[in-house]
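What follows is final.cif (mmCIF, C-alpha atoms).
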```
data_structure
#
loop_
_atom_site.label_atom_id
_atom_site.label_comp_id
_atom_site.auth_asym_id
_atom_site.auth_seq_id
_atom_site.Cartn_x
_atom_site.Cartn_y
_atom_site.Cartn_z
CA MET A 1 9.02 -10.36 -8.53
CA GLY A 2 5.75 -11.25 -10.25
CA GLU A 3 3.32 -9.12 -12.18
CA SER A 4 1.40 -6.47 -10.28
CA ARG A 5 -2.26 -7.22 -9.92
CA TYR A 6 -4.83 -4.47 -9.72
CA VAL A 7 -8.13 -3.95 -7.96
CA HIS A 8 -10.71 -1.47 -9.20
CA LEU A 9 -12.24 1.17 -6.97
CA GLU A 10 -15.49 2.34 -8.54
CA GLY A 11 -17.10 5.64 -7.62
CA CYS A 12 -14.00 7.41 -6.29
CA LYS A 13 -13.59 11.13 -5.85
CA ILE A 14 -10.16 12.77 -6.08
CA LEU A 15 -10.14 15.18 -3.14
CA ARG A 16 -6.58 16.45 -3.44
CA GLU A 17 -3.54 15.91 -5.61
CA THR A 18 0.15 16.37 -4.91
CA ALA A 19 3.11 15.62 -7.16
CA ALA A 20 3.32 12.10 -5.70
CA ALA A 21 -0.15 11.12 -4.45
CA PHE A 22 -3.92 11.44 -4.57
CA ARG A 23 -6.23 11.94 -1.59
CA VAL A 24 -9.20 9.77 -2.56
CA GLU A 25 -12.65 9.25 -1.10
CA TYR A 26 -13.95 5.72 -1.60
CA ARG A 27 -17.10 4.38 0.07
CA GLY A 28 -17.11 7.17 2.64
CA GLU A 29 -13.46 6.72 3.66
CA GLU A 30 -10.44 8.79 2.68
CA PHE A 31 -7.04 7.44 1.68
CA TRP A 32 -3.74 8.78 0.36
CA LEU A 33 -2.70 6.69 -2.63
CA PRO A 34 0.76 7.02 -4.17
CA LYS A 35 0.50 7.76 -7.87
CA SER A 36 3.07 5.03 -8.47
CA GLN A 37 0.43 2.52 -7.30
CA VAL A 38 -2.39 3.90 -9.49
CA ALA A 39 -2.70 2.70 -13.08
CA ASP A 40 -2.70 5.57 -15.59
CA ALA A 41 -2.36 8.14 -12.80
CA GLU A 42 -1.74 10.89 -15.36
CA ASN A 43 -5.40 10.61 -16.44
CA TYR A 44 -6.75 11.90 -13.11
CA VAL A 45 -6.78 15.36 -11.51
CA ASP A 46 -7.94 17.03 -8.33
CA GLY A 47 -11.74 17.26 -8.32
CA ASP A 48 -12.48 14.25 -10.53
CA ASP A 49 -15.65 12.59 -9.27
CA ASP A 50 -17.23 9.17 -9.80
CA VAL A 51 -14.10 7.70 -11.39
CA THR A 52 -12.82 4.14 -11.30
CA LEU A 53 -9.24 3.91 -10.07
CA SER A 54 -7.18 0.78 -10.66
CA ILE A 55 -4.69 0.38 -7.83
CA THR A 56 -2.25 -2.38 -6.99
CA GLU A 57 -3.46 -5.14 -4.70
CA TRP A 58 -0.44 -4.40 -2.55
CA ILE A 59 -1.47 -0.83 -1.76
CA ALA A 60 -5.10 -1.87 -1.23
CA ASP A 61 -3.89 -4.38 1.39
CA GLN A 62 -1.57 -1.81 2.99
CA LYS A 63 -4.38 0.76 3.28
CA GLY A 64 -6.99 -1.76 4.42
CA ILE A 65 -9.19 -1.04 1.41
CA VAL A 66 -11.80 -3.75 0.95
CA VAL A 67 -13.05 -4.18 -2.59
CA GLU A 68 -16.17 -6.26 -3.09
CA ASP A 69 -16.97 -7.77 -6.47
#
```
In structure tokens, how does this file's structure come out?
Amino acid sequence: MGESRYVHLEGCKILRETAAAFRVEYRGEEFWLPKSQVADAENYVDGDDDVTLSITEWIADQKGIVVED
């Protein structure tokens, strides 16, 4: 399997956190993102606002998240 590629979600808000995932608001939509698919997940906590999350392209595709450059 090749290297994981990441996309960057700017301006996210962490709405909720569990042991395994974040509930994130991005561009007016809400998504559950597994922490295993978020780069440096340990740096984020419930309530963080206006953060940039780097997530794998795979999970972005699975969740239907469109990232514009």
Name the residues that the PyMOL selection byres ((chain A and resi 67) around 12) picks from the file above, as a list in words, using the file's chain letters and numbers.
Tyr6, Val7, His8, Leu9, Glu10, Gly11, Tyr26, Arg27, Leu53, Ser54, Ile55, Thr56, Glu57, Ala60, Asp61, Lys63, Gly64, Ile65, Val66, Glu68 and Asp69 of chain A
As an exercise, work out the distance from CA of Lys13 (chain A) to CA of Trp58 (chain A) in Å and give it to one decimal place.
20.6 Å
Using only C-alpha atoms, which residue out of A:Arg23, A:Thr52, A:Gly28, A:Cys12 lies closest to Asp40 (chain A)?
A:Thr52
Expected selection from the PyMOL selection byres ((chain A and resi 49) around 10), given as a PyMOL selection string
chain A and resi 11-15+24-25+44-48+50-52
Surrounding residues of Leu33 (chain A) excluding itself and chain neighbours under 4 positions, 8 Å, only C-alpha atoms, as a PyMOL selection string
chain A and resi 21-24+37-38+59
Expanded to explicit residues, what is the PyMOL selection byres ((chain A and resi 20) around 8) for this file, as a PyMOL selection string?
chain A and resi 17-19+21-22+34-36
Will you give me region 13-62 of chain A, written with N, CA and C atoms and laid out as a PDB file, in the first residue's frame?
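The new file selection-v1.pdb reads:
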```pdb
ATOM      1  N   LYS A  13     -14.320  23.482  13.091  1.00  0.00           N
ATOM      2  CA  LYS A  13     -14.645  23.567  14.513  1.00  0.00           C
ATOM      3  C   LYS A  13     -14.851  22.142  15.019  1.00  0.00           C
ATOM      4  N   ILE A  14     -14.218  21.812  16.139  1.00  0.00           N
ATOM      5  CA  ILE A  14     -14.405  20.507  16.769  1.00  0.00           C
ATOM      6  C   ILE A  14     -15.641  20.614  17.667  1.00  0.00           C
ATOM      7  N   LEU A  15     -16.713  19.964  17.270  1.00  0.00           N
ATOM      8  CA  LEU A  15     -17.971  20.048  18.000  1.00  0.00           C
ATOM      9  C   LEU A  15     -18.052  19.054  19.148  1.00  0.00           C
ATOM     10  N   ARG A  16     -17.424  17.906  18.963  1.00  0.00           N
ATOM     11  CA  ARG A  16     -17.498  16.838  19.966  1.00  0.00           C
ATOM     12  C   ARG A  16     -16.302  15.924  19.771  1.00  0.00           C
ATOM     13  N   GLU A  17     -15.884  15.313  20.853  1.00  0.00           N
ATOM     14  CA  GLU A  17     -14.759  14.377  20.787  1.00  0.00           C
ATOM     15  C   GLU A  17     -15.102  13.123  21.568  1.00  0.00           C
ATOM     16  N   THR A  18     -14.798  11.979  20.982  1.00  0.00           N
ATOM     17  CA  THR A  18     -14.878  10.705  21.695  1.00  0.00           C
ATOM     18  C   THR A  18     -13.463  10.123  21.712  1.00  0.00           C
ATOM     19  N   ALA A  19     -13.320   8.959  22.293  1.00  0.00           N
ATOM     20  CA  ALA A  19     -12.003   8.320  22.328  1.00  0.00           C
ATOM     21  C   ALA A  19     -11.488   8.016  20.927  1.00  0.00           C
ATOM     22  N   ALA A  20     -12.404   7.800  19.968  1.00  0.00           N
ATOM     23  CA  ALA A  20     -11.989   7.354  18.640  1.00  0.00           C
ATOM     24  C   ALA A  20     -12.251   8.342  17.505  1.00  0.00           C
ATOM     25  N   ALA A  21     -13.010   9.426  17.761  1.00  0.00           N
ATOM     26  CA  ALA A  21     -13.402  10.283  16.637  1.00  0.00           C
ATOM     27  C   ALA A  21     -13.677  11.724  17.081  1.00  0.00           C
ATOM     28  N   PHE A  22     -13.699  12.590  16.061  1.00  0.00           N
ATOM     29  CA  PHE A  22     -14.113  13.979  16.244  1.00  0.00           C
ATOM     30  C   PHE A  22     -15.381  14.224  15.441  1.00  0.00           C
ATOM     31  N   ARG A  23     -16.301  15.000  16.008  1.00  0.00           N
ATOM     32  CA  ARG A  23     -17.439  15.535  15.251  1.00  0.00           C
ATOM     33  C   ARG A  23     -16.991  16.932  14.847  1.00  0.00           C
ATOM     34  N   VAL A  24     -16.897  17.164  13.542  1.00  0.00           N
ATOM     35  CA  VAL A  24     -16.308  18.382  13.003  1.00  0.00           C
ATOM     36  C   VAL A  24     -17.324  19.131  12.153  1.00  0.00           C
ATOM     37  N   GLU A  25     -17.321  20.454  12.281  1.00  0.00           N
ATOM     38  CA  GLU A  25     -18.088  21.291  11.365  1.00  0.00           C
ATOM     39  C   GLU A  25     -17.107  21.904  10.371  1.00  0.00           C
ATOM     40  N   TYR A  26     -17.412  21.732   9.090  1.00  0.00           N
ATOM     41  CA  TYR A  26     -16.564  22.268   8.023  1.00  0.00           C
ATOM     42  C   TYR A  26     -17.475  22.792   6.924  1.00  0.00           C
ATOM     43  N   ARG A  27     -17.361  24.084   6.654  1.00  0.00           N
ATOM     44  CA  ARG A  27     -18.173  24.732   5.616  1.00  0.00           C
ATOM     45  C   ARG A  27     -19.667  24.473   5.798  1.00  0.00           C
ATOM     46  N   GLY A  28     -20.131  24.573   7.035  1.00  0.00           N
ATOM     47  CA  GLY A  28     -21.544  24.436   7.323  1.00  0.00           C
ATOM     48  C   GLY A  28     -22.076  23.019   7.386  1.00  0.00           C
ATOM     49  N   GLU A  29     -21.221  22.026   7.186  1.00  0.00           N
ATOM     50  CA  GLU A  29     -21.633  20.621   7.272  1.00  0.00           C
ATOM     51  C   GLU A  29     -20.909  19.957   8.435  1.00  0.00           C
ATOM     52  N   GLU A  30     -21.539  18.919   8.987  1.00  0.00           N
ATOM     53  CA  GLU A  30     -20.944  18.187  10.097  1.00  0.00           C
ATOM     54  C   GLU A  30     -20.579  16.771   9.676  1.00  0.00           C
ATOM     55  N   PHE A  31     -19.421  16.328  10.185  1.00  0.00           N
ATOM     56  CA  PHE A  31     -18.899  15.003   9.851  1.00  0.00           C
ATOM     57  C   PHE A  31     -18.270  14.381  11.084  1.00  0.00           C
ATOM     58  N   TRP A  32     -18.387  13.063  11.211  1.00  0.00           N
ATOM     59  CA  TRP A  32     -17.579  12.304  12.172  1.00  0.00           C
ATOM     60  C   TRP A  32     -16.311  11.884  11.450  1.00  0.00           C
ATOM     61  N   LEU A  33     -15.179  12.174  12.029  1.00  0.00           N
ATOM     62  CA  LEU A  33     -13.893  11.788  11.450  1.00  0.00           C
ATOM     63  C   LEU A  33     -13.133  10.926  12.446  1.00  0.00           C
ATOM     64  N   PRO A  34     -12.766   9.716  12.054  1.00  0.00           N
ATOM     65  CA  PRO A  34     -11.968   8.867  12.942  1.00  0.00           C
ATOM     66  C   PRO A  34     -10.618   9.528  13.233  1.00  0.00           C
ATOM     67  N   LYS A  35     -10.216   9.514  14.473  1.00  0.00           N
ATOM     68  CA  LYS A  35      -8.924  10.109  14.826  1.00  0.00           C
ATOM     69  C   LYS A  35      -7.778   9.444  14.077  1.00  0.00           C
ATOM     70  N   SER A  36      -7.942   8.181  13.733  1.00  0.00           N
ATOM     71  CA  SER A  36      -6.890   7.473  13.004  1.00  0.00           C
ATOM     72  C   SER A  36      -6.669   8.040  11.610  1.00  0.00           C
ATOM     73  N   GLN A  37      -7.616   8.844  11.121  1.00  0.00           N
ATOM     74  CA  GLN A  37      -7.513   9.441   9.787  1.00  0.00           C
ATOM     75  C   GLN A  37      -7.179  10.936   9.839  1.00  0.00           C
ATOM     76  N   VAL A  38      -6.898  11.431  11.047  1.00  0.00           N
ATOM     77  CA  VAL A  38      -6.559  12.846  11.252  1.00  0.00           C
ATOM     78  C   VAL A  38      -5.092  12.935  11.671  1.00  0.00           C
ATOM     79  N   ALA A  39      -4.310  13.711  10.933  1.00  0.00           N
ATOM     80  CA  ALA A  39      -2.899  13.889  11.286  1.00  0.00           C
ATOM     81  C   ALA A  39      -2.800  14.638  12.614  1.00  0.00           C
ATOM     82  N   ASP A  40      -1.929  14.179  13.489  1.00  0.00           N
ATOM     83  CA  ASP A  40      -1.684  14.826  14.783  1.00  0.00           C
ATOM     84  C   ASP A  40      -2.959  15.034  15.586  1.00  0.00           C
ATOM     85  N   ALA A  41      -3.812  14.018  15.603  1.00  0.00           N
ATOM     86  CA  ALA A  41      -5.112  14.115  16.277  1.00  0.00           C
ATOM     87  C   ALA A  41      -4.985  14.496  17.751  1.00  0.00           C
ATOM     88  N   GLU A  42      -3.875  14.138  18.367  1.00  0.00           N
ATOM     89  CA  GLU A  42      -3.694  14.449  19.786  1.00  0.00           C
ATOM     90  C   GLU A  42      -3.591  15.947  20.061  1.00  0.00           C
ATOM     91  N   ASN A  43      -3.412  16.752  19.015  1.00  0.00           N
ATOM     92  CA  ASN A  43      -3.290  18.206  19.181  1.00  0.00           C
ATOM     93  C   ASN A  43      -4.631  18.926  19.229  1.00  0.00           C
ATOM     94  N   TYR A  44      -5.738  18.207  19.065  1.00  0.00           N
ATOM     95  CA  TYR A  44      -7.053  18.837  18.995  1.00  0.00           C
ATOM     96  C   TYR A  44      -7.953  18.341  20.117  1.00  0.00           C
ATOM     97  N   VAL A  45      -8.841  19.231  20.580  1.00  0.00           N
ATOM     98  CA  VAL A  45      -9.789  18.875  21.633  1.00  0.00           C
ATOM     99  C   VAL A  45     -11.155  19.467  21.317  1.00  0.00           C
ATOM    100  N   ASP A  46     -12.155  18.922  21.980  1.00  0.00           N
ATOM    101  CA  ASP A  46     -13.523  19.400  21.877  1.00  0.00           C
ATOM    102  C   ASP A  46     -13.554  20.913  22.115  1.00  0.00           C
ATOM    103  N   GLY A  47     -14.195  21.643  21.209  1.00  0.00           N
ATOM    104  CA  GLY A  47     -14.325  23.085  21.355  1.00  0.00           C
ATOM    105  C   GLY A  47     -13.323  23.895  20.553  1.00  0.00           C
ATOM    106  N   ASP A  48     -12.276  23.252  20.017  1.00  0.00           N
ATOM    107  CA  ASP A  48     -11.335  24.001  19.179  1.00  0.00           C
ATOM    108  C   ASP A  48     -12.087  24.609  18.003  1.00  0.00           C
ATOM    109  N   ASP A  49     -11.761  25.846  17.681  1.00  0.00           N
ATOM    110  CA  ASP A  49     -12.457  26.555  16.611  1.00  0.00           C
ATOM    111  C   ASP A  49     -11.439  27.161  15.645  1.00  0.00           C
ATOM    112  N   ASP A  50     -11.821  27.225  14.385  1.00  0.00           N
ATOM    113  CA  ASP A  50     -11.003  27.813  13.328  1.00  0.00           C
ATOM    114  C   ASP A  50      -9.635  27.138  13.230  1.00  0.00           C
ATOM    115  N   VAL A  51      -9.650  25.803  13.251  1.00  0.00           N
ATOM    116  CA  VAL A  51      -8.420  25.027  13.114  1.00  0.00           C
ATOM    117  C   VAL A  51      -8.349  24.411  11.715  1.00  0.00           C
ATOM    118  N   THR A  52      -7.148  24.062  11.308  1.00  0.00           N
ATOM    119  CA  THR A  52      -6.946  23.359  10.053  1.00  0.00           C
ATOM    120  C   THR A  52      -6.639  21.904  10.374  1.00  0.00           C
ATOM    121  N   LEU A  53      -7.519  21.015   9.932  1.00  0.00           N
ATOM    122  CA  LEU A  53      -7.310  19.583  10.124  1.00  0.00           C
ATOM    123  C   LEU A  53      -6.761  18.988   8.841  1.00  0.00           C
ATOM    124  N   SER A  54      -5.750  18.160   8.969  1.00  0.00           N
ATOM    125  CA  SER A  54      -5.231  17.395   7.839  1.00  0.00           C
ATOM    126  C   SER A  54      -5.785  15.984   7.965  1.00  0.00           C
ATOM    127  N   ILE A  55      -6.574  15.581   6.974  1.00  0.00           N
ATOM    128  CA  ILE A  55      -7.188  14.256   6.996  1.00  0.00           C
ATOM    129  C   ILE A  55      -6.774  13.499   5.739  1.00  0.00           C
ATOM    130  N   THR A  56      -6.858  12.183   5.813  1.00  0.00           N
ATOM    131  CA  THR A  56      -6.469  11.390   4.651  1.00  0.00           C
ATOM    132  C   THR A  56      -7.437  11.625   3.491  1.00  0.00           C
ATOM    133  N   GLU A  57      -6.903  11.573   2.283  1.00  0.00           N
ATOM    134  CA  GLU A  57      -7.756  11.687   1.100  1.00  0.00           C
ATOM    135  C   GLU A  57      -8.838  10.620   1.118  1.00  0.00           C
ATOM    136  N   TRP A  58      -8.479   9.442   1.603  1.00  0.00           N
ATOM    137  CA  TRP A  58      -9.425   8.333   1.639  1.00  0.00           C
ATOM    138  C   TRP A  58     -10.665   8.692   2.435  1.00  0.00           C
ATOM    139  N   ILE A  59     -10.495   9.228   3.645  1.00  0.00           N
ATOM    140  CA  ILE A  59     -11.661   9.543   4.469  1.00  0.00           C
ATOM    141  C   ILE A  59     -12.430  10.725   3.884  1.00  0.00           C
ATOM    142  N   ALA A  60     -11.737  11.669   3.274  1.00  0.00           N
ATOM    143  CA  ALA A  60     -12.432  12.785   2.626  1.00  0.00           C
ATOM    144  C   ALA A  60     -13.340  12.254   1.522  1.00  0.00           C
ATOM    145  N   ASP A  61     -12.833  11.316   0.724  1.00  0.00           N
ATOM    146  CA  ASP A  61     -13.660  10.696  -0.331  1.00  0.00           C
ATOM    147  C   ASP A  61     -14.821   9.938   0.265  1.00  0.00           C
ATOM    148  N   GLN A  62     -14.580   9.165   1.313  1.00  0.00           N
ATOM    149  CA  GLN A  62     -15.635   8.363   1.945  1.00  0.00           C
ATOM    150  C   GLN A  62     -16.755   9.224   2.504  1.00  0.00           C
TER     151      GLN A  62
END
```
